[in-house]
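Below is one structure, written out as structure tokens; the observations come after it.
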Amino acid sequence: MSDNIDTSTGAPPAPSSSAEPANGRRRLLMLGFFGIVLLVLGAWGAKYLLSGRYFVVTENAYVGGDVVDVTPQVRGMVYRIHVRETQKVQAGDVLVELDPTDARTALARAEAELARAVRDVAALYASTAALDAQAEARNADVAAAEAAFVRARADLDRRAEVAAQGGVSAEELAHAQQALKTAEAQLASVRLALAASRQSATANRVQTNGTTIASHPRVLSAAAAVREAFIAEGRTRILAPVAGEVARSAVTLGAAVQPGTPLLAIVPLDRVWVEANYKEGQLGEVRAGQKVALHSDLYGTGVEYDGTVTGLGAGTGAAFSLLPAQNASGNWIKVVQRVPVRIALDPAQLARNPLRVGLSMEARIDTRTTPASQEGAGVKAGNPRGTDVYSPLDAQATARVQQIIAGQGIAATPRG
């Protein structure tokens with residue numbers, strides 16, 4: 001204890017000068033730390049003011065896509081399945097076949113009815129021509145009967161003139177009168193026959209006038225039945241309406257299916273999109289056509305997708321839910337709503353890095369990239385979608401009808 005007291009003054013010794021550099025270093029370190037923090041905050045603030053405030057970001061985003069349900073159009077029993085779950089198919093590929101026995105029987109019956117209708121209508125045209133010829137013959141008979149009547153009346157007139165002078169006997173005069181009555185009756189008879197022939201020809205002509213055999217209503221009705229049966233037989237082969245990947249398969253061999261029964265689904269993975277659910281406070285500057293940077297949890301930040309905003313939902317998710325909120329009843333608590341934003345993806349990038357429906361995404365919209373118009377951003381409003389896989393069946397049915405008509409060996413173009 002005596003070693004720490006100055007014997008001349010009796011006071012403790014002064015602090016060592018080596019503590020001052022240590023305090024100075026601590027102050028420098030603290031200043032440096034706060035300087036770095038201020039620099040980072042300044043850089044972040046500058047970035048936000050220059051560009052960051054123009055971006056709206058959400059992780060509440062998921063991959064969406066069409067899930068095309070494949071259903072039969074005719075009833076039948078499944079007797080062949082050509083695909084399995086996760087298999088890739090092209091539009092028009094045969095997926096499932098139903099037992100075609102009943103459909104083929106109905107088609108054969110309809111084809112026979114069409115052939116008979118063609119022959120019946122051809123006979124109708126032929127009978128019309130025959131009745132026309134018969135009417136012409138009756139017309140000639142009328143002319144002959146009229147001539148016979150005129151002749152009989154002239155004979156009677158001559159005999160009546162000389163009968164008063166006794167030139168002819170009363171018996172001969174009676175014969176002339178009877179001949180006139182017979183000629184008159186014969187003329188009336190052939191006139192009635194002519195009228196009947198003309199009426200029959202007119203009735204037949206009404207059924208054939210302005211038509212050909214191929215366009216006659218009877219033939220058209222039978223042809224429609226053939227087309228219906230042909231299409232029904234073709235529909236026993238269930239085709240893929242679009243290209244994609246088979247999912248949600250529920251079809252089994254031997255199952256009796258009805259029209260509209262879901263058998264499986266096809267997901268066209270080359271046409272998926274992203275549905276980002278932004279908070280309502282983030283959408284003030286979001287417009288269709290703006291550019292979007294997207295990352296998928298599947299690939300991480302190493303893969304970035306270029307997207308385009310195609311539109312905003314017409315309402316919030318709560319508004320279209322199965323049980324919408326009833327904010328006018330009971331106590332009310334404000335809940336921030338979210339609005340779905342549809343984002344289109346680049347097909348080339350999708351081909352390189354395929355996505356699956358339902359995957360999580362992060363979407364970052366650049367609100368500075370609003371084009372002058374929606375079309376200017378390459379976003380086509382009302383772009384129709386469809387499939388042509390069913391069109392050949394209709395054309396094939398038409399060709400089959402024409403083949404049956406031509407196969408009867410009857411000219412299909414005579415007109416009544």
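Naming works like this for the structure tokens: A, B, ... for the chains as they're shown, residue 1 at the start of each chain, ligands 1 onward in shown order.
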For this session: Could you pull out the residues in segment 294-364 of chain A that DSSP calls alpha helix (DSSP H) from the backbone, as a PyMOL selection string?
Result: chain A and resi 347-352
Could those residues be written to a file, using C-alpha atoms, as a PDB file, in the first residue's frame?
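As a result, selection.pdb now contains:
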ATOM      1  CA  PRO A 347     -42.077 -18.912 -73.453  1.00  0.00           C
ATOM      2  CA  ALA A 348     -38.368 -19.266 -74.300  1.00  0.00           C
ATOM      3  CA  GLN A 349     -37.403 -19.017 -70.641  1.00  0.00           C
ATOM      4  CA  LEU A 350     -40.123 -21.496 -69.725  1.00  0.00           C
ATOM      5  CA  ALA A 351     -38.704 -23.949 -72.252  1.00  0.00           C
ATOM      6  CA  ARG A 352     -35.250 -23.668 -70.656  1.00  0.00           C
TER       7      ARG A 352
END
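Close contacts of Val96 of chain A, defined as residues with an atom at most 7 Å away when counting only C-alpha atoms, with chain neighbours fewer than 6 positions off set aside, comprise Arg80, Ile81, His82, Arg237 and Ile238 of chain A.
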Problem set entry | Shell of 12 Å around Thr261 of chain A, only C-alpha atoms, local chain residues under 5 positions omitted, as a ChimeraX atom specification | /A:69-76,249-251,255-256
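One distance worth recording is that between atom CA of Pro241 of chain A and atom CA of Leu263 of chain A, which is 13.3 Å.
Between atom CA of Glu285 of chain A and atom CA of Pro340 of chain A the separation is 14.7 Å.
Rounded to one decimal, atom CA of Arg84 of chain A and atom CA of Pro259 of chain A lie 21.1 Å from each other.
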For this session: Show which residues sit within 10 Å of Leu355 of chain A, as a list of chain:residue names. Count only C-alpha atoms, and ignore same-chain residues fewer than 4 positions away.
Result: A:Val63, A:Gly64, A:Leu269, A:Asp270, A:Arg271, A:Val272, A:Trp273, A:Ser296, A:Leu298, A:Tyr299, A:Gln349, A:Leu350, A:Ala351, A:Leu359, A:Ser360
How would the residues just chosen look if you wrote them out with C-alpha atoms as a PDB file, in the first residue's frame?
ATOM      1  CA  VAL A  63     -47.568 -20.424 -60.836  1.00  0.00           C
ATOM      2  CA  GLY A  64     -50.960 -20.839 -62.474  1.00  0.00           C
ATOM      3  CA  LEU A 269     -46.936 -26.381 -69.034  1.00  0.00           C
ATOM      4  CA  ASP A 270     -45.709 -24.217 -71.914  1.00  0.00           C
ATOM      5  CA  ARG A 271     -48.550 -21.760 -71.265  1.00  0.00           C
ATOM      6  CA  VAL A 272     -48.380 -21.192 -67.516  1.00  0.00           C
ATOM      7  CA  TRP A 273     -48.479 -17.795 -65.881  1.00  0.00           C
ATOM      8  CA  SER A 296     -38.891 -19.392 -58.377  1.00  0.00           C
ATOM      9  CA  LEU A 298     -37.564 -24.295 -57.438  1.00  0.00           C
ATOM     10  CA  TYR A 299     -34.464 -22.759 -59.052  1.00  0.00           C
ATOM     11  CA  GLN A 349     -37.403 -19.017 -70.641  1.00  0.00           C
ATOM     12  CA  LEU A 350     -40.123 -21.496 -69.725  1.00  0.00           C
ATOM     13  CA  ALA A 351     -38.704 -23.949 -72.252  1.00  0.00           C
ATOM     14  CA  LEU A 359     -44.936 -23.430 -57.423  1.00  0.00           C
ATOM     15  CA  SER A 360     -44.005 -20.478 -55.209  1.00  0.00           C
TER      16      SER A 360
END
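Restricting the calculation to only C-alpha atoms, the smallest distance between Gly386 of chain A and any of A:Thr212, A:Phe34, A:Ser321, A:Ala243 is found for A:Ala243.
For Val309 of chain A, the non-local neighbours within 9 Å, defined as residues at least 4 positions apart in the same chain or in other chains and counting only C-alpha atoms, are Val286, Arg287, Ala288, Gly289, Gln290, Lys291, Val292, Val341, Arg342, Ile343, Ala344, Ile365 and Val379 of chain A.
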Output for the residues just chosen: C-alpha atoms as an mmCIF file, in the first residue's frame:
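As written to disk, selection.cif reads:
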data_model
loop_
_atom_site.group_PDB
_atom_site.id
_atom_site.type_symbol
_atom_site.label_atom_id
_atom_site.label_comp_id
_atom_site.auth_asym_id
_atom_site.auth_seq_id
_atom_site.Cartn_x
_atom_site.Cartn_y
_atom_site.Cartn_z
ATOM 1 C CA VAL A 286 -49.279 -1.028 -61.152
ATOM 2 C CA ARG A 287 -50.540 -1.104 -64.751
ATOM 3 C CA ALA A 288 -50.914 -3.695 -67.494
ATOM 4 C CA GLY A 289 -47.795 -3.935 -69.627
ATOM 5 C CA GLN A 290 -45.250 -3.275 -66.862
ATOM 6 C CA LYS A 291 -42.170 -5.485 -66.676
ATOM 7 C CA VAL A 292 -41.724 -7.984 -63.877
ATOM 8 C CA VAL A 341 -52.160 -9.655 -60.592
ATOM 9 C CA ARG A 342 -51.783 -11.856 -63.696
ATOM 10 C CA ILE A 343 -48.208 -11.981 -65.050
ATOM 11 C CA ALA A 344 -47.277 -13.554 -68.386
ATOM 12 C CA ILE A 365 -42.873 -5.225 -60.683
ATOM 13 C CA VAL A 379 -50.216 -7.744 -74.213
#
Exercise. For Ala265 of chain A, which residue among A:Ala179, A:Leu239, A:Ala143, A:Leu38 is the nearest when counting only C-alpha atoms?
Worked result: A:Leu239
Exercise. Got a sec: who's within 7 Å of Lys88 of chain A, counting only C-alpha atoms, leaving out chain neighbours fewer than 5 positions off, as a count of residues only?
Worked result: 3
For this session: Pick out the closest residue to Ala319 of chain A from this set: A:Ala223, A:Ala174, A:Arg368, A:Val339. Count only C-alpha atoms.
Result: A:Val339
